[in-house]
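Below: the structure, in structure tokens.
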Amino acid sequence: MCGIVGLHLRDPQLYPRLGRLLESMLCQVVERGPDSAGVAVYGDRRRCPEGHAAVSVLDSPADLTARLPNALVTPAGDTTVVAAPMGVEALVDTVLAAAPEVRVVGSGTDLTVYKGTGHPRALAATYDLANAQGWQGLAHTRMATESAVTPEGCHPFSVGPDQCLVHNGSFANHATIRRDLQRDGVLFDSENDSEVGARFVASRLAQGDDLDKALRLLCERFDGFYTLLVTSADGFAVVRDAIACKPAIIAETTAWVAMASEFRALAELPGIEDARIYEPEPERVYAWTR
Amino acid sequence: MDPVTFDLSAAPLRELNAELHAPTSARYEVLNPKGAHAIAAGVRNPIDVQVRGHAGYYCAGMNDGGEITVHGNVGTGVAENMMSGAVRVRGDASQSAGATAHGGLLVIEGSASMRCGISMKGIDIVVGGDIGPMSAFMAQAGRLVVCGDAGDDLGDSIYEARIYVRGKVGSLGADCVEKPVRYEHRAELAELLAAAGLEHDPGEFRRFGSARRLYHFAVHNTY
């Protein structure tokens with residue numbers, strides 16, 4: 001099944017409450033995917049200070065702090081977040097040079113990503129989600145179907161700067177598209193089919209497409225079942241496959257846009273009683289920009 | 001007699017459904033549903049249940065005689081496999097509303113999403129707004145009335161259910177065709193609209209049903 005939730009805040013007064021709201025949303029979709037959970041938060045300056053880049057890694061060595069004396073190193077379960085006052089690419093290179101054994105699972109100047117296996121409710125505490133602040137966030141609870149239950153296979157997939165993708169469903173032709181992308185020089189970190197979707201979107205964004213166009217092209221290329229929530233440095237977008245097999249619901253108010261697999265994840269949001277609530281139509285891209 | 005009130009922010013859903021399965025009252029009110037699944041599923045008595053808010057999946061599933069009203073939206077599979085009674089949704093419904101249901105009346109005052117009435121087997125469904133794609137797929141018996149528009153592939157592989165649409169139809173599915181609206185159809189439409197409490201002229205609706213081409217073995221379907 002898998003559970004997806006995402007929150008894009010329009011009202012800055014809500015920024016301090018982002019983590020608390022996202023945690024309540026995540027806990028309502030635990031039954032949809034109890035084997036692992038991932039979270040991405042945009043704009044938490046405590047985790048990624050102004051002028052810094054942040055890189056999220058798995059398989060971090062115990063002495064990473066000692067190896068990176070000038071960085072802010074924050075372990076959170078399977079994930080460790082490294083932040084430092086430099087560019088994103090420079091920080092990724094620095095981290096990999098200091099600890100070649102790590103796997104990078106997220107990077108950006110505004111984004112922190114957490115992935116791990118275990119019960120989503122416990123993981124939310126591990127990530128200290130309740131205290132996260134920021135303008136946008138998304139989370140995923142996984143019921144593994146296409147690959148093993150590992151931190152690498154956990155969502156979100158963040159394969160471009162400040163980009164994230166979470167997926168409910170399965171892609172039927174992911175192996176073909178993976179080979180095509182590999183021929184173009186794209187490298188993969190996992191066997192997960194959703195990573196192929198994320199790599200595809202990242203390659204389109206790198207070529208200059210916006211989220212709307214990248215996702216319309218994804219609909220043309222990918223077969224299978226998917227509800228996708230994709231976020232970027234300034235955007236938030238939702239798309240479903242042609243027969244809309246997997247559930248999705250969107251709610252909008254003047255203060256926020258939220259998306260979830262089920263309504264119950266939205267039920268506690270402030271002002272939900274006056275929200276415009278609707279289900280996204282098949283193969284139509286819904287996108288919002290900050 | 002005042003209704004018995006269940007506040008789902010205080011009482012567990014299992015307690016509510018256990019009470020509704022062996023009712024001690026004729027009227028119930030459910031507060032703070034907040035999208036919980038299977039609210040009032042399996043009701044087997046002619047009780048009145050008012051749900052104040054949005055319900056989740058399979059609300060009023062398998063209903064057999066209950067009169068259940070949701071003052072909000074409902075999730076996937078509302079009134080799935082209903083046998084008799086009535087379910088009314090004041091808001092919108094998600095996918096598979098009234099799926100496989102054998103009887104009773106389902107009224108959705110708002111719009112319904114995809115696969116509304118999929119494999120319906122005798123239920124009457126009246127939708128005040130639009131319905132999504134692939135509705136009435138493999139519908140076997142009953143009536144589906146749509147006061148708004150219908151999405152693509154309406155009535156794909158339909159058997160004997162009757163479909164009435166007042167607005168536009170995206171496209172018709174395999175073996176579904178438009179049929180003439182005769183006097184008896186206008187009469188049954190008027191009855192269904194009245195039962196749903198909706199005021200439309202039955203003369204504004206078009207009728208769709210099975211061409212019955214899929215009923216028979218066709219040699220070109222063999223290999």
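The chains in the structure tokens are called A, B, ... from first to last as shown; in each chain the residues are counted from 1, and the ligands are counted from 1 in the order shown.
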Wanna dump the chain A-chain B contacts at 9 Å for me, each residue with its shortest atom pair and the distance in Å to one decimal, counting only C-alpha atoms, ordered by chain and number, as JSON lines?
```
{"residue": "A:Ile243", "atom": "CA", "partner": "B:Pro133", "partner_atom": "CA", "distance": 8.1}
{"residue": "A:Ala244", "atom": "CA", "partner": "B:Met114", "partner_atom": "CA", "distance": 8.1}
{"residue": "A:Pro247", "atom": "CA", "partner": "B:Thr76", "partner_atom": "CA", "distance": 8.4}
{"residue": "A:Glu262", "atom": "CA", "partner": "B:Gly56", "partner_atom": "CA", "distance": 7.5}
{"residue": "A:Phe263", "atom": "CA", "partner": "B:Gly35", "partner_atom": "CA", "distance": 5.6}
{"residue": "A:Arg264", "atom": "CA", "partner": "B:Gly35", "partner_atom": "CA", "distance": 4.2}
{"residue": "A:Ala265", "atom": "CA", "partner": "B:Gly35", "partner_atom": "CA", "distance": 8.0}
{"residue": "A:Leu266", "atom": "CA", "partner": "B:Lys34", "partner_atom": "CA", "distance": 8.5}
{"residue": "A:Ala267", "atom": "CA", "partner": "B:Lys34", "partner_atom": "CA", "distance": 5.3}
{"residue": "A:Glu268", "atom": "CA", "partner": "B:Lys34", "partner_atom": "CA", "distance": 8.0}
{"residue": "A:Glu273", "atom": "CA", "partner": "B:Gly53", "partner_atom": "CA", "distance": 9.0}
{"residue": "A:Ile277", "atom": "CA", "partner": "B:Asn73", "partner_atom": "CA", "distance": 8.9}
{"residue": "A:Tyr278", "atom": "CA", "partner": "B:Asp92", "partner_atom": "CA", "distance": 8.3}
{"residue": "A:Glu279", "atom": "CA", "partner": "B:Ser94", "partner_atom": "CA", "distance": 7.5}
{"residue": "A:Glu281", "atom": "CA", "partner": "B:Gly132", "partner_atom": "CA", "distance": 8.3}
{"residue": "A:Pro282", "atom": "CA", "partner": "B:Pro133", "partner_atom": "CA", "distance": 8.8}
```
Those same residues - all heavy atoms - I'd like them written as a compact mmCIF listing (two decimals), in the first residue's frame.
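Generated output (part_19.txt):
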```
# COMPACT_ATOMS: atom_id res chain seq x y z
N ILE A 243 -5.19 5.08 -14.51
CA ILE A 243 -6.41 4.53 -13.92
C ILE A 243 -6.51 4.87 -12.43
O ILE A 243 -7.42 4.39 -11.75
CB ILE A 243 -6.56 3.02 -14.16
CG1 ILE A 243 -5.45 2.23 -13.46
CG2 ILE A 243 -6.59 2.68 -15.63
CD1 ILE A 243 -5.79 0.77 -13.34
N ALA A 244 -5.58 5.68 -11.95
CA ALA A 244 -5.65 6.19 -10.57
C ALA A 244 -5.94 5.08 -9.58
O ALA A 244 -6.87 5.14 -8.79
CB ALA A 244 -6.68 7.31 -10.48
N PRO A 247 -4.73 5.63 -3.96
CA PRO A 247 -5.53 6.75 -3.48
C PRO A 247 -4.72 8.04 -3.31
O PRO A 247 -3.51 8.01 -3.12
CB PRO A 247 -6.00 6.27 -2.11
CG PRO A 247 -4.95 5.32 -1.67
CD PRO A 247 -4.44 4.64 -2.91
N GLU A 262 -4.92 9.34 2.41
CA GLU A 262 -6.27 9.24 2.94
C GLU A 262 -6.64 10.52 3.68
O GLU A 262 -5.78 11.18 4.27
CB GLU A 262 -6.36 8.09 3.96
CG GLU A 262 -6.03 6.74 3.38
CD GLU A 262 -6.06 5.68 4.46
OE1 GLU A 262 -6.84 5.83 5.41
OE2 GLU A 262 -5.31 4.71 4.34
N PHE A 263 -7.93 10.79 3.73
CA PHE A 263 -8.41 12.01 4.41
C PHE A 263 -8.00 12.07 5.87
O PHE A 263 -7.70 13.13 6.42
CB PHE A 263 -9.94 12.14 4.30
CG PHE A 263 -10.46 13.24 5.16
CD1 PHE A 263 -10.35 14.56 4.74
CD2 PHE A 263 -10.98 12.99 6.42
CE1 PHE A 263 -10.77 15.58 5.55
CE2 PHE A 263 -11.39 14.02 7.24
CZ PHE A 263 -11.29 15.32 6.80
N ARG A 264 -8.00 10.91 6.54
CA ARG A 264 -7.76 10.95 7.99
C ARG A 264 -6.41 11.60 8.33
O ARG A 264 -6.24 12.13 9.41
CB ARG A 264 -7.87 9.56 8.60
CG ARG A 264 -6.92 8.54 8.03
CD ARG A 264 -7.17 7.18 8.65
NE ARG A 264 -6.43 6.17 7.94
CZ ARG A 264 -5.97 5.06 8.49
NH1 ARG A 264 -6.17 4.83 9.76
NH2 ARG A 264 -5.31 4.18 7.77
N ALA A 265 -5.46 11.54 7.37
CA ALA A 265 -4.16 12.20 7.61
C ALA A 265 -4.30 13.72 7.61
O ALA A 265 -3.43 14.43 8.11
CB ALA A 265 -3.15 11.75 6.57
N LEU A 266 -5.37 14.23 7.01
CA LEU A 266 -5.57 15.68 6.92
C LEU A 266 -6.49 16.21 8.01
O LEU A 266 -6.61 17.42 8.20
CB LEU A 266 -6.18 16.04 5.56
CG LEU A 266 -5.48 15.48 4.32
CD1 LEU A 266 -6.29 15.80 3.07
CD2 LEU A 266 -4.07 16.03 4.19
N ALA A 267 -7.13 15.29 8.74
CA ALA A 267 -8.23 15.68 9.63
C ALA A 267 -7.83 16.64 10.74
O ALA A 267 -8.66 17.40 11.22
CB ALA A 267 -8.88 14.43 10.23
N GLU A 268 -6.54 16.62 11.14
CA GLU A 268 -6.11 17.47 12.26
C GLU A 268 -5.50 18.80 11.79
O GLU A 268 -5.06 19.59 12.63
CB GLU A 268 -5.07 16.72 13.10
CG GLU A 268 -5.54 15.40 13.69
CD GLU A 268 -6.49 15.59 14.87
OE1 GLU A 268 -6.49 16.69 15.43
OE2 GLU A 268 -7.23 14.64 15.18
N GLU A 273 -11.72 22.26 8.21
CA GLU A 273 -13.18 22.30 8.03
C GLU A 273 -13.60 23.27 6.92
O GLU A 273 -14.66 23.11 6.32
CB GLU A 273 -13.89 22.63 9.35
CG GLU A 273 -13.42 23.84 10.10
CD GLU A 273 -12.09 23.65 10.86
OE1 GLU A 273 -11.57 22.53 10.98
OE2 GLU A 273 -11.56 24.66 11.32
N ILE A 277 -11.46 20.34 -0.64
CA ILE A 277 -10.93 18.97 -0.60
C ILE A 277 -11.34 18.26 -1.89
O ILE A 277 -12.51 18.27 -2.26
CB ILE A 277 -11.49 18.21 0.62
CG1 ILE A 277 -11.10 18.95 1.91
CG2 ILE A 277 -10.97 16.79 0.66
CD1 ILE A 277 -11.79 18.40 3.15
N TYR A 278 -10.38 17.63 -2.55
CA TYR A 278 -10.72 16.94 -3.80
C TYR A 278 -9.70 15.85 -4.09
O TYR A 278 -8.59 15.85 -3.55
CB TYR A 278 -10.79 17.92 -4.97
CG TYR A 278 -9.54 18.73 -5.19
CD1 TYR A 278 -8.58 18.35 -6.12
CD2 TYR A 278 -9.31 19.89 -4.44
CE1 TYR A 278 -7.44 19.10 -6.32
CE2 TYR A 278 -8.17 20.65 -4.63
CZ TYR A 278 -7.24 20.25 -5.57
OH TYR A 278 -6.08 20.99 -5.74
N GLU A 279 -10.09 14.92 -4.97
CA GLU A 279 -9.18 13.87 -5.40
C GLU A 279 -8.56 14.26 -6.74
O GLU A 279 -9.28 14.67 -7.65
CB GLU A 279 -9.94 12.55 -5.58
CG GLU A 279 -10.38 11.96 -4.27
CD GLU A 279 -10.87 10.54 -4.42
OE1 GLU A 279 -10.87 10.00 -5.54
OE2 GLU A 279 -11.27 9.97 -3.40
N GLU A 281 -7.30 14.02 -10.46
CA GLU A 281 -7.75 13.20 -11.58
C GLU A 281 -6.58 12.43 -12.18
O GLU A 281 -5.43 12.86 -12.06
CB GLU A 281 -8.39 14.09 -12.65
CG GLU A 281 -9.71 14.66 -12.20
CD GLU A 281 -10.26 15.67 -13.19
OE1 GLU A 281 -9.88 15.62 -14.37
OE2 GLU A 281 -11.07 16.50 -12.77
N PRO A 282 -6.88 11.31 -12.86
CA PRO A 282 -5.80 10.51 -13.45
C PRO A 282 -4.94 11.33 -14.42
O PRO A 282 -5.50 12.10 -15.23
CB PRO A 282 -6.55 9.41 -14.20
CG PRO A 282 -7.90 9.36 -13.60
CD PRO A 282 -8.20 10.72 -13.08
```
Using backbone DSSP assignments, extract all helix (DSSP H, G or I) residues from range 9-181 of chain B; output them as a ChimeraX atom specification. /B:13-21
Residues just named, written with C-alpha atoms as a short mmCIF file (atom, residue, chain, number, x, y, z; two decimals), in the first residue's frame:
```
data_model
loop_
_atom_site.label_atom_id
_atom_site.label_comp_id
_atom_site.auth_asym_id
_atom_site.auth_seq_id
_atom_site.Cartn_x
_atom_site.Cartn_y
_atom_site.Cartn_z
CA LEU B 13 -14.67 2.80 16.69
CA ARG B 14 -15.05 -0.89 17.61
CA GLU B 15 -17.35 0.12 20.44
CA LEU B 16 -19.53 2.11 18.05
CA ASN B 17 -19.77 -0.69 15.51
CA ALA B 18 -20.46 -3.31 18.23
CA GLU B 19 -23.36 -1.14 19.43
CA LEU B 20 -24.68 -0.66 15.88
CA HIS B 21 -24.55 -4.43 15.30
#
```
Within 9 Å of Arg204 in chain A, counting only C-alpha atoms, which residues show up once you throw out same-chain ones fewer than 5 positions away? Write them as a list in words, please.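 Within the cut-off, the hits are Arg199, Asp209, Asp210, Leu211, Lys213, Ala214, Leu215 and Leu217 of chain A.
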Residues from last step as file, C-alpha atoms, as a PDB file, in the first residue's frame:
```pdb
ATOM      1  CA  ARG A 199      16.122   9.852 -11.271  1.00  0.00           C
ATOM      2  CA  ASP A 209      11.870  21.366 -17.312  1.00  0.00           C
ATOM      3  CA  ASP A 210       9.634  22.556 -14.504  1.00  0.00           C
ATOM      4  CA  LEU A 211       7.872  20.063 -12.200  1.00  0.00           C
ATOM      5  CA  LYS A 213       6.456  19.232 -17.499  1.00  0.00           C
ATOM      6  CA  ALA A 214       8.719  16.636 -15.857  1.00  0.00           C
ATOM      7  CA  LEU A 215       5.715  14.827 -14.413  1.00  0.00           C
ATOM      8  CA  LEU A 217       6.687  13.295 -19.363  1.00  0.00           C
TER       9      LEU A 217
END
```
Name all residues at most 9 Å from Leu123 in chain A (count only C-alpha atoms; drop same-chain ones fewer than 3 positions away) and give them as a PyMOL selection string. chain A and resi 36-38+76-77+115-120+126-129
Emit the selected residues as a PDB file, in the first residue's frame, including N, CA and C atoms.
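Output file out.pdb follows:
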```pdb
ATOM      1  N   SER A  36       8.860   0.925   7.323  1.00  0.00           N
ATOM      2  CA  SER A  36       9.883   1.969   7.350  1.00  0.00           C
ATOM      3  C   SER A  36       9.203   3.312   7.118  1.00  0.00           C
ATOM      4  N   ALA A  37       9.933   4.352   7.376  1.00  0.00           N
ATOM      5  CA  ALA A  37       9.365   5.691   7.158  1.00  0.00           C
ATOM      6  C   ALA A  37      10.485   6.675   6.870  1.00  0.00           C
ATOM      7  N   GLY A  38      10.199   7.571   5.958  1.00  0.00           N
ATOM      8  CA  GLY A  38      11.151   8.634   5.638  1.00  0.00           C
ATOM      9  C   GLY A  38      10.462   9.979   5.697  1.00  0.00           C
ATOM     10  N   ALA A  76      20.585  10.600  13.341  1.00  0.00           N
ATOM     11  CA  ALA A  76      19.164  10.373  13.629  1.00  0.00           C
ATOM     12  C   ALA A  76      18.813   8.976  13.132  1.00  0.00           C
ATOM     13  N   GLY A  77      19.127   7.969  13.951  1.00  0.00           N
ATOM     14  CA  GLY A  77      18.865   6.584  13.548  1.00  0.00           C
ATOM     15  C   GLY A  77      19.775   6.165  12.408  1.00  0.00           C
ATOM     16  N   LYS A 115      15.810   8.809   6.496  1.00  0.00           N
ATOM     17  CA  LYS A 115      15.279   7.518   6.068  1.00  0.00           C
ATOM     18  C   LYS A 115      15.665   6.455   7.078  1.00  0.00           C
ATOM     19  N   GLY A 116      14.789   5.476   7.256  1.00  0.00           N
ATOM     20  CA  GLY A 116      15.169   4.402   8.161  1.00  0.00           C
ATOM     21  C   GLY A 116      14.092   3.340   8.216  1.00  0.00           C
ATOM     22  N   THR A 117      14.455   2.146   8.679  1.00  0.00           N
ATOM     23  CA  THR A 117      13.486   1.065   8.831  1.00  0.00           C
ATOM     24  C   THR A 117      13.013   1.018  10.286  1.00  0.00           C
ATOM     25  N   GLY A 118      11.809   0.478  10.450  1.00  0.00           N
ATOM     26  CA  GLY A 118      11.248   0.389  11.789  1.00  0.00           C
ATOM     27  C   GLY A 118       9.845   0.960  11.807  1.00  0.00           C
ATOM     28  N   HIS A 119       9.275   1.056  12.999  1.00  0.00           N
ATOM     29  CA  HIS A 119       7.909   1.562  13.091  1.00  0.00           C
ATOM     30  C   HIS A 119       7.889   3.073  12.860  1.00  0.00           C
ATOM     31  N   PRO A 120       7.029   3.538  11.969  1.00  0.00           N
ATOM     32  CA  PRO A 120       7.024   4.966  11.642  1.00  0.00           C
ATOM     33  C   PRO A 120       6.876   5.883  12.863  1.00  0.00           C
ATOM     34  N   THR A 126      12.720   9.437  16.460  1.00  0.00           N
ATOM     35  CA  THR A 126      14.159   9.391  16.147  1.00  0.00           C
ATOM     36  C   THR A 126      14.581  10.613  15.328  1.00  0.00           C
ATOM     37  N   TYR A 127      13.722  11.011  14.387  1.00  0.00           N
ATOM     38  CA  TYR A 127      14.045  12.158  13.529  1.00  0.00           C
ATOM     39  C   TYR A 127      13.761  13.492  14.222  1.00  0.00           C
ATOM     40  N   ASP A 128      13.192  13.429  15.436  1.00  0.00           N
ATOM     41  CA  ASP A 128      12.762  14.638  16.148  1.00  0.00           C
ATOM     42  C   ASP A 128      11.844  15.479  15.257  1.00  0.00           C
ATOM     43  N   LEU A 129      10.960  14.777  14.589  1.00  0.00           N
ATOM     44  CA  LEU A 129      10.084  15.442  13.619  1.00  0.00           C
ATOM     45  C   LEU A 129       9.221  16.513  14.271  1.00  0.00           C
TER      46      LEU A 129
END
```
I need the residues of range 37-195 of chain B that end up classed as strand (DSSP E or B) by DSSP on the backbone, written out as a PyMOL selection string. chain B and resi 48-52+55+64-70+74+84-89+93+105-108+112+121-127+131+141-146+150+154+162-165+169+172+176-179
Considering only C-alpha atoms, state which residue in the set A:Thr231, A:Gln133, A:Gln207, A:Thr289 is at the smallest distance from Gly19 in chain A. A:Gln133
What is the CA of Asp44 in chain A to CA of Pro156 in chain A distance in Å? 17.1 Å
Considering only C-alpha atoms, return as number ranges by chain whatever protein or nucleic-acid residues lie within 10 Å of Arg216 in chain A, sequence-local ones (same chain, fewer than 5 positions apart) excluded. A: 211, 221, 239, 283-285
Saved selection, atoms kept: C-alpha atoms, as a short mmCIF file (atom, residue, chain, number, x, y, z; two decimals), in the first residue's frame:
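So the final result, stored in out_32.cif, reads:
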```cif
data_model
loop_
_atom_site.label_atom_id
_atom_site.label_comp_id
_atom_site.auth_asym_id
_atom_site.auth_seq_id
_atom_site.Cartn_x
_atom_site.Cartn_y
_atom_site.Cartn_z
CA LEU A 211 7.87 20.06 -12.20
CA ARG A 221 7.10 6.96 -20.11
CA VAL A 239 0.30 13.13 -10.10
CA GLU A 283 -2.66 11.74 -15.27
CA ARG A 284 -3.31 15.38 -14.41
CA VAL A 285 -0.39 17.17 -12.80
#
```
Selection: 7 Å around Ser107 in chain A, only C-alpha atoms, excl. self and same-chain fewer than 5 positions, as an MDAnalysis selection string: chainID A and resid 54:56 88 161:162
Separation of CA of Val70 in chain B from CA of Arg44 in chain B in Å: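 Interatomic distance here is 17.6 Å.
Rounded to one decimal, CA of Asp212 in chain A and CA of Gly6 in chain A lie 17.1 Å from each other.
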Excluding Tyr58 in chain B and any residue of its chain fewer than 2 positions from it, enumerate the residues within 6 Å of it, using only C-alpha atoms, and give them as an mmCIF file with all heavy atoms, in the first residue's frame.
```
data_model
loop_
_atom_site.group_PDB
_atom_site.id
_atom_site.type_symbol
_atom_site.label_atom_id
_atom_site.label_comp_id
_atom_site.auth_asym_id
_atom_site.auth_seq_id
_atom_site.Cartn_x
_atom_site.Cartn_y
_atom_site.Cartn_z
ATOM 1 N N ALA B 38 -14.418 2.253 8.040
ATOM 2 C CA ALA B 38 -15.452 1.262 8.385
ATOM 3 C C ALA B 38 -16.455 1.756 9.426
ATOM 4 O O ALA B 38 -16.980 0.966 10.210
ATOM 5 C CB ALA B 38 -14.798 -0.040 8.848
ATOM 6 N N GLY B 61 -20.478 -0.002 4.800
ATOM 7 C CA GLY B 61 -20.315 -1.216 3.993
ATOM 8 C C GLY B 61 -21.268 -2.302 4.467
ATOM 9 O O GLY B 61 -21.560 -2.412 5.661
ATOM 10 N N GLY B 77 -15.116 3.162 -1.324
ATOM 11 C CA GLY B 77 -16.005 2.033 -1.046
ATOM 12 C C GLY B 77 -17.160 2.302 -0.107
ATOM 13 O O GLY B 77 -17.549 1.415 0.650
ATOM 14 N N VAL B 78 -17.754 3.507 -0.160
ATOM 15 C CA VAL B 78 -18.933 3.748 0.682
ATOM 16 C C VAL B 78 -20.058 2.810 0.229
ATOM 17 O O VAL B 78 -20.245 2.563 -0.964
ATOM 18 C CB VAL B 78 -19.387 5.230 0.608
ATOM 19 C CG1 VAL B 78 -19.819 5.625 -0.800
ATOM 20 C CG2 VAL B 78 -20.528 5.494 1.587
#
```
For Ala174 in chain B, which of B:Asp153, B:Asp48, B:Asp2, B:Glu199 is the closest residue, counting only C-alpha atoms?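 Among the listed residues, B:Asp153 lies closest to Ala174 in chain B.
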Option closest in space to Ala233 in chain A, from A:Gly33, A:Gly137, A:Pro75, A:Pro85 [counting only C-alpha atoms]: A:Gly137
Nearest residue to Asn63 in chain B from the set B:Gly128, B:Ala194, B:Gln50, B:Gly42 (distances using only C-alpha atoms):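 Answer, going by the shortest atom-to-atom distance: B:Gly42.
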One residue among B:Gly110, B:Arg186, B:Ser210, B:Glu80 is nearest to Asp156 in chain B when using only C-alpha atoms, and that residue is B:Ser210
